[in-house]
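Engineer: Below are the structure tokens for one structure; questions will follow.
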2 protein chains.
Amino acid sequence: MSKQEGIAIKKSENFDEWYVQVILKSGLADYSAVSGCLVYRPLSYGIWEIIQKVADEEFKKIGVKNVYFPLLIPERLLKKEAEHVEGFTPEVAWVTQTGDTKLDERLAIRPTSETIMYDSYSKWIRSWRDLPVRLNQWNSVLRWEFKHPVPFLRTREFLWNEGHTAFATREEAEKEKKEILDIYQRITQEFLALPGIVGKKTEKEKFAGAIESYSIEHLLPDGKAIQGPDFHYDGQNFAKAFDISFLDKNGKKQYAWQNTWAITTREIGVMVAVHGDDKGLVLPPKVAPTQVVIVPIFDDKTKASVLKVAKKIKDSLKDVRIMLDDRDYYTPGWKFNEWELKGVPIRIEIGPRDIKGKKVVLVRRDDLKKRAVPIKKLEKEVLKELEDMQKSMLKKASDFLEANTRTANDFAELKSIIGKKGGFVQAGWCTKRKCEDKIKELTGAKITNMPLKQKPMGKCVYCGEKAEVIVNFAKSY
Amino acid sequence: MSKQEGIAIKKSENFDEWYVQVILKSGLADYSAVSGCLVYRPLSYGIWEIIQKVADEEFKKIGVKNVYFPLLIPERLLKKEAEHVEGFTPEVAWVTQTGDTKLDERLAIRPTSETIMYDSYSKWIRSWRDLPVRLNQWNSVLRWEFKHPVPFLRTREFLWNEGHTAFATREEAEKEKKEILDIYQRITQEFLALPGIVGKKTEKEKFAGAIESYSIEHLLPDGKAIQGPDFHYDGQNFAKAFDISFLDKNGKKQYAWQNTWAITTREIGVMVAVHGDDKGLVLPPKVAPTQVVIVPIFDDKTKASVLKVAKKIKDSLKDVRIMLDDRDYYTPGWKFNEWELKGVPIRIEIGPRDIKGKKVVLVRRDDLKKRAVPIKKLEKEVLKELEDMQKSMLKKASDFLEANTRTANDFAELKSIIGKKGGFVQAGWCTKRKCEDKIKELTGAKITNMPLKQKPMGKCVYCGEKAEVIVNFAKSY
């Protein structure tokens with residue numbers, strides 16, 4: 001970056017434009033030569049590495065192992081499960097030619113890996129002794145959507161984890177649901193400071209091929225909902241299509257019970273959108289690749305002595321991800337703007353006068369307040385401020401979610417809230433598809449999910465019959 | 001694995017067949033529904049995760065950062081550097097269609113990412129202040145070769161790191177060569193226990209688009225050489241093709257100097273081939289996902305007490321990757337075979353009699369000798385044996401390499417060694433392409449590389465003129 005450009009638009013004025021500017025100007029990501037495919041620059045990939053590490057450790061604790069399956073899926077495999085193929089084929093990128101040779105069978109770039117993985121599972125699983133199989137891969141998938149792409153939130157290629165498990169019994173498969181949703185909730189809330197509503201998808205909105213889908217739904221500042229990590233209980237659908245069967249302890253043939261689950265780089269986009277401000281990114285400390293930046297303030301005369309102290313401070317803060325910006329061809333002011341744009345949680349300013357006073361200036365990215373901190377108390381203060389900032393960011397986002405989750409008692413109210421205020425609207429639903437469709441048609445809102453935490457329910461917000469469940473309506477990405 | 005199958009063939013009798021059996025039967029990897037593309041099962045992927053972790057930490061220490069660039073490369077970008085496109089297009093898999101729509105421009109699945117990355121570099125690099133750019137990605141690439149695929153050693157899709165760097169000066173770019181080759185040597189030697197010959201590739205054998213290529217060349221038990229990690233100095237070739245230019249401190253336009261470098265999952269195959277034996281895999285302790293397995297020996301009466309001690313031992317060995325195989329539906333003998341097949345470095349056997357004697361039996365996978373070890377000395381002994389085994393495996397492989405690196409003083413000798421014994425043959429070369437071609441034609445051996453460690457040289461082994469360099473000849477994968 002040889003020329004520095006700040007964000008030229010306010011978040012409150014034009015959220016869409018602000019969002020793209022923050023991503024490009026902070027150096028988080030960039031457009032690529034392929035429409036709808038993003039370049040993950042070091043800043044966003046560094047955040048993704050932290051998310052991966054946390055999730056991966058949790059997956060391994062519950063017994064999941066990592067694997068890598070081929071990128072390409074023969075057309076005949078993709079077609080084996082009817083609903084699944086119907087759900088994905090409109091978005092599949094096809095390899096038809098290699099070198100100068102036309103292929104006999106088209107190969108799909110994986111939109112998701114159920115079909116190529118389950119082809120192997122059917123070979124590997126023969127006896128109850130071979131179960132459970134709990135495998136995961138970290139990779140990229142491609143879905144050639146034709147909707148307008150939005151960095152991180154809707155891209156044709158994105159990064160994710162895909163867990164694919166097989167169990168001997170339905171009970172074991174169902175038990176995994178809580179394990180995985182808990183892990184995803186921990187990552188989104190504790191690390192990304194993103195609250196969300198955990199719930200079950202409707203039949204209409206569930207994953208192609210699944211029996212039941214569950215999701216964490218986030219809310220963006222523009223009042224639109226967006227789906228976060230998800231979990232799909234596939235029952236025996238794929239097991240029957242791919243013959244994933246085994247002999248149980250009585251020697252009887254049984255089909256396996258399966259789940260699939262994923263968290264994607266979309267979360268990075270949600271994090272940008274929820275926490276960013278008019279000066280740029282604001283990164284939750286737990287996922288910030290650099291948590292603290294030291295900006296020394298010096299002239300030619302004081303350079304050596306200031307850098308010496310700055311270096312000492314850097315080395316003394318061992319438990320944080322810290323860097324010293326000792327470049328002498330940018331001014332401190334230029335650097336302040338740069339690190340604010342990039343969302344580094346804490347900035348430490350240190351100049352000759354601070355050194356004399358045995359203190360530094362500490363600036364937190366979320367409130368930008370200047371705090372004078374004695375050098376000997378710095379380590380303790382930095383750790384405390386990082387923790388406070390993490391909590392404060394989650395609280396702010398949770399307050400926003402709560403303030404924008406409203407209740408509608410009848411259809412007029414639902415329509416009015418969706419049209420004027422946005423956000424989530426909770427209301428009773430009879431579970432009939434025709435009410436769900438009609439509400440979507442008339443308001444533009446879909447059922448994001450049916451929260452696991454239910455409330456007493458009255459009537460269906462559309463037809464007025466007895467409600468079977470409380471659901472969340474929202475306009476959605 | 002409900003039925004256990006050992007290796008049905010000796011390594012010394014039929015290396016090729018043995019190699020494939022070890023990989024499939026140990027559960028390291030499996031064939032997939034796509035010809036030439038491998039499934040990396042948990043065992044091989046676990047080894048790859050360790051290699052990645054070690055390499056990644058080293059890359060980060062020298063200032064390299066990770067990124068992710070799109071999988072697909074538009075044809076026009078791939079074609080920008082003439083030699084590069086010529087080198088790769090015969091092997092490129094082309095996406096021509098997405099959903100039902102034919103694309104206007106074909107998209108290549110990355111065979112390597114220079115072209116898509118440098119398109120971005122040309123946008124990002126404007127001033128000397130923006131340099132160096134040292135980026136790396138861990139991903140998979142696809143090269144649709146039509147040669148017979150061999151698991152890990154030659155597959156159409158493989159996993160690797162690809163480092164792509166740009167510097168302001170030639171000197172900085174050249175300095176990186178030693179940094180990277182040292183890291184790769186450390187990983188291959190210290191971790192994979194694989195010796196290799198570090199050297200420069202000839203013009204004929206260098207990477208398409210590079211000025212100079214360097215490689216580490218390994219030797220397989222069948223006497224064939226195989227290329228390991230490599231480093232390419234690209235000079236300004238790509239910088240000129242993609243306009244990666246910057247204004248230097250004097251305001252003058254300059255082109256960047258570039259390198260690219262990679263280590264691939266092929267190393268896993270070399271490791272299998274070099275270290276494996278007639279009972280299966282032998283994993284170097286430093287890359288073994290499980291370093292120690294405890295196999296308890298019990299009947300219904302002693303089960304609880306044996307498992308209690310076994311569990312305690314497991315918990316006490318904190319610094320090793322350890323597992324307790326407490327499955328009661330397999331016999332100890334079955335488990336011994338299984339863990340030998342999978343190459344776990346140390347097996348600890350413990351039964352009621354051992355517990356009475358306050359000892360266990362320790363079996364090292366490389367020599368299969370049984371050692372009685374007092375429980376209170378176990379931690380120290382396990383760490384010592386793991387270290388000894390690691391060293392011993394490298395020594396054995398190094399002895400083999402040394403014994404199979406011979407010198408030829410004339411062409412008859414070269415031809416005879418290549419034909420009868422295989423391995424590396426060191427000989428003088430005049431550096432003329434026509435001698436290199438002729439030797440390949442008449443012996444089947446190519447110049448694997450020109451070792452960095454040179455010896456006094458005499459005449460070209462083919463034309464008899466003055467030799468300019470000592471090179472290694474070998475038949476090669």
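Convention: chains lettered A, B, ... in structure tokens order; per-chain residue numbering from 1; ligands numbered from 1 as shown.
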Set the distance at 12 Å and use only C-alpha atoms: which residues neighbour Lys253 of chain B once local chain neighbours fewer than 6 positions away are removed? I'd like the list as number ranges by chain.
Structural biologist: B: 125-128, 168, 240, 243-247
Engineer: When you look at segment 456-461 of chain B with a cut-off of 12 Å (counting only C-alpha atoms), what residues show up, excluding the ones that are within fewer than 5 positions of it in the same chain? I need them as a ChimeraX atom specification.
Structural biologist: /B:407-415,425-436,438-439,466-473
Engineer: Which residues in segment 228-466 of chain A does DSSP call strand (DSSP E or B)? List them as number ranges by chain.
Structural biologist: A: 228-235, 245-247, 253-255, 257-264, 277, 280, 292-296, 322-324, 346-350, 359-364, 370-374, 405-407, 424-429, 446-451, 459, 466
Engineer: Any chance you can output those residues with C-alpha atoms as a tab-separated table (two decimals), in the first residue's frame?
Structural biologist:
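Below is the file that was written, out.tsv:
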```
chain	number	residue	atom	x	y	z
A	228	GLY	CA	-24.11	-19.21	9.50
A	229	PRO	CA	-22.78	-22.71	10.29
A	230	ASP	CA	-25.14	-25.62	9.75
A	231	PHE	CA	-25.72	-29.26	10.68
A	232	HIS	CA	-27.66	-31.78	8.63
A	233	TYR	CA	-29.10	-35.04	9.83
A	234	ASP	CA	-29.27	-37.22	6.74
A	235	GLY	CA	-30.86	-40.29	8.30
A	245	SER	CA	-24.40	-50.86	5.05
A	246	PHE	CA	-22.94	-53.13	7.68
A	247	LEU	CA	-23.58	-56.36	9.53
A	253	LYS	CA	-27.56	-56.02	7.43
A	254	GLN	CA	-28.24	-52.42	8.49
A	255	TYR	CA	-27.84	-49.05	6.82
A	257	TRP	CA	-27.13	-43.16	9.95
A	258	GLN	CA	-25.39	-40.03	8.78
A	259	ASN	CA	-24.74	-36.36	9.43
A	260	THR	CA	-22.96	-33.56	7.58
A	261	TRP	CA	-21.92	-30.17	8.99
A	262	ALA	CA	-20.03	-27.07	7.96
A	263	ILE	CA	-18.71	-23.66	8.90
A	264	THR	CA	-17.56	-21.39	6.09
A	277	ASP	CA	-17.16	1.07	11.71
A	280	GLY	CA	-12.63	0.30	8.91
A	292	VAL	CA	-1.45	-5.47	19.45
A	293	VAL	CA	0.58	-3.10	17.29
A	294	ILE	CA	3.26	-0.83	18.72
A	295	VAL	CA	3.66	2.47	16.88
A	296	PRO	CA	6.86	4.21	17.99
A	322	ILE	CA	2.07	-8.48	18.71
A	323	MET	CA	4.02	-6.54	16.10
A	324	LEU	CA	6.25	-3.48	16.14
A	346	ILE	CA	-4.95	-2.51	20.56
A	347	ARG	CA	-2.48	0.15	19.50
A	348	ILE	CA	0.37	1.15	21.79
A	349	GLU	CA	1.94	4.55	21.11
A	350	ILE	CA	5.33	5.27	22.57
A	359	LYS	CA	4.34	4.96	30.40
A	360	VAL	CA	2.74	4.38	27.01
A	361	VAL	CA	-0.54	5.36	25.39
A	362	LEU	CA	-2.92	2.46	24.78
A	363	VAL	CA	-5.78	2.84	22.28
A	364	ARG	CA	-8.50	0.24	21.93
A	370	LYS	CA	-6.55	6.99	24.76
A	371	ARG	CA	-5.40	5.43	28.01
A	372	ALA	CA	-2.06	6.25	29.68
A	373	VAL	CA	-0.61	3.01	31.09
A	374	PRO	CA	2.57	2.67	33.20
A	405	THR	CA	-35.91	-9.45	17.11
A	406	ARG	CA	-39.58	-8.54	17.34
A	407	THR	CA	-42.81	-10.43	17.80
A	424	PHE	CA	-36.09	-11.07	12.85
A	425	VAL	CA	-39.80	-11.39	13.46
A	426	GLN	CA	-40.97	-14.20	15.72
A	427	ALA	CA	-44.43	-15.58	15.08
A	428	GLY	CA	-46.48	-18.75	15.29
A	429	TRP	CA	-46.71	-21.06	12.25
A	446	LYS	CA	-38.56	-16.45	4.62
A	447	ILE	CA	-38.49	-18.64	7.70
A	448	THR	CA	-34.80	-18.49	8.68
A	449	ASN	CA	-35.27	-21.24	11.23
A	450	MET	CA	-37.41	-22.61	14.05
A	451	PRO	CA	-35.47	-21.70	17.22
A	459	LYS	CA	-52.01	-18.95	16.14
A	466	LYS	CA	-53.38	-23.37	15.69
```
Engineer: May I have the residues within 7 Å of segment 94-107 of chain A as a list in words, using only C-alpha atoms and disregarding those fewer than 4 positions away in the same chain?
Structural biologist: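 Residues meeting the cut-off are Leu72, Ile73, Pro74 and Glu75 of chain A; Thr89, Pro90, Glu91, Val92, Ala93, Trp94, Val95, Thr96, Gln97, Thr98 and Trp144 of chain B.
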Engineer: Quick check for you: according to DSSP on this backbone, which residues of segment 98-308 of chain A are classed as alpha helix (DSSP H)? Reply as a VMD selection string.
Structural biologist: chain A and resid 114 to 124 170 to 186 237 to 242 266 to 275 303 to 308
Engineer: In Å to one decimal, how far is atom CA of Ile187 of chain A from atom CA of Phe207 of chain A?
Structural biologist: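 Atom CA of Ile187 of chain A lies 22.1 Å from atom CA of Phe207 of chain A.
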Engineer: Neighbouring residues of Glu81 of chain B were defined as those with any atom within 7 Å, considering only C-alpha atoms; residues of the same chain fewer than 3 positions away were excluded. Please report them as a ChimeraX atom specification.
Structural biologist: /B:84-85,238,241
Engineer: Take the selection from the previous step and output its residues with C-alpha atoms, as a PDB file, in the first residue's frame.
Structural biologist:
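Now in out-v4.pdb:
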```pdb
ATOM      1  CA  HIS B  84       4.875 -21.540 -18.659  1.00  0.00           C
ATOM      2  CA  VAL B  85       1.760 -22.093 -20.765  1.00  0.00           C
ATOM      3  CA  PHE B 238       6.776 -13.415 -14.848  1.00  0.00           C
ATOM      4  CA  ALA B 241       4.743 -10.872 -18.521  1.00  0.00           C
TER       5      ALA B 241
END
```
Engineer: Taking 4 positions as the minimum chain separation for residues in the same chain, which residues sit within 8 Å of segment 390-397 of chain A when counting only C-alpha atoms? Answer as a list in words.
Structural biologist: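 Counting only C-alpha atoms, the residues come to Gln189, Glu190, Ala193, Leu194, Pro195, Val274, His275, Pro284, Pro285, Lys286, Asp366, Leu386 and Leu401 of chain A.
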Engineer: Give me the residues near segment 269-271 of chain B as an MDAnalysis selection string, where near means some atom within 12 Å (using only C-alpha atoms) and where sequence neighbours in that chain fewer than 5 positions away do not count.
Structural biologist: chainID B and resid 16 19:20 22:23 28:29 38 40 44 47:48 150:155 158 187:189 191:196 217:222 224:229 264 276:277 281:284 287:288 343 393:394 397 477
Engineer: Find the residue from A:Lys80, A:Lys175, A:Lys201, A:Arg327 that sits nearest to chain B; use only C-alpha atoms when measuring.
Structural biologist: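 Result for the nearest residue to chain B: A:Arg327.
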Engineer: Using Å and a single decimal, report how far atom CA of Asn404 of chain B sits from atom CA of Gly423 of chain B.
Structural biologist: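 One can read the atom CA of Gly423 of chain B to atom CA of Asn404 of chain B distance as 5.0 Å.
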Engineer: Between atom CA of Phe88 of chain A and atom CA of Ala208 of chain A, what is the spacing in Å?
Structural biologist: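 If I compute the distance from atom CA of Ala208 of chain A to atom CA of Phe88 of chain A, I get 7.9 Å.
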Engineer: If we count only C-alpha atoms and set the cut-off at 8 Å, which residues sit around Arg321 of chain B, ignoring sequence neighbours fewer than 6 positions away in its own chain? Please answer as a ChimeraX atom specification.
Structural biologist: /B:289-292
Engineer: Taking into account only C-alpha atoms, which residue in the set A:Ile268, A:Val320, A:Ala8, A:Asp328 is nearest to chain B?
Structural biologist: A:Asp328
Engineer: Restricting the calculation to only C-alpha atoms: of A:Glu385, A:Gly163, A:Lys356, A:Ala33, which residue gets closest to Lys369 of chain A?
Structural biologist: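 Closest residue, counting only C-alpha atoms: A:Glu385.
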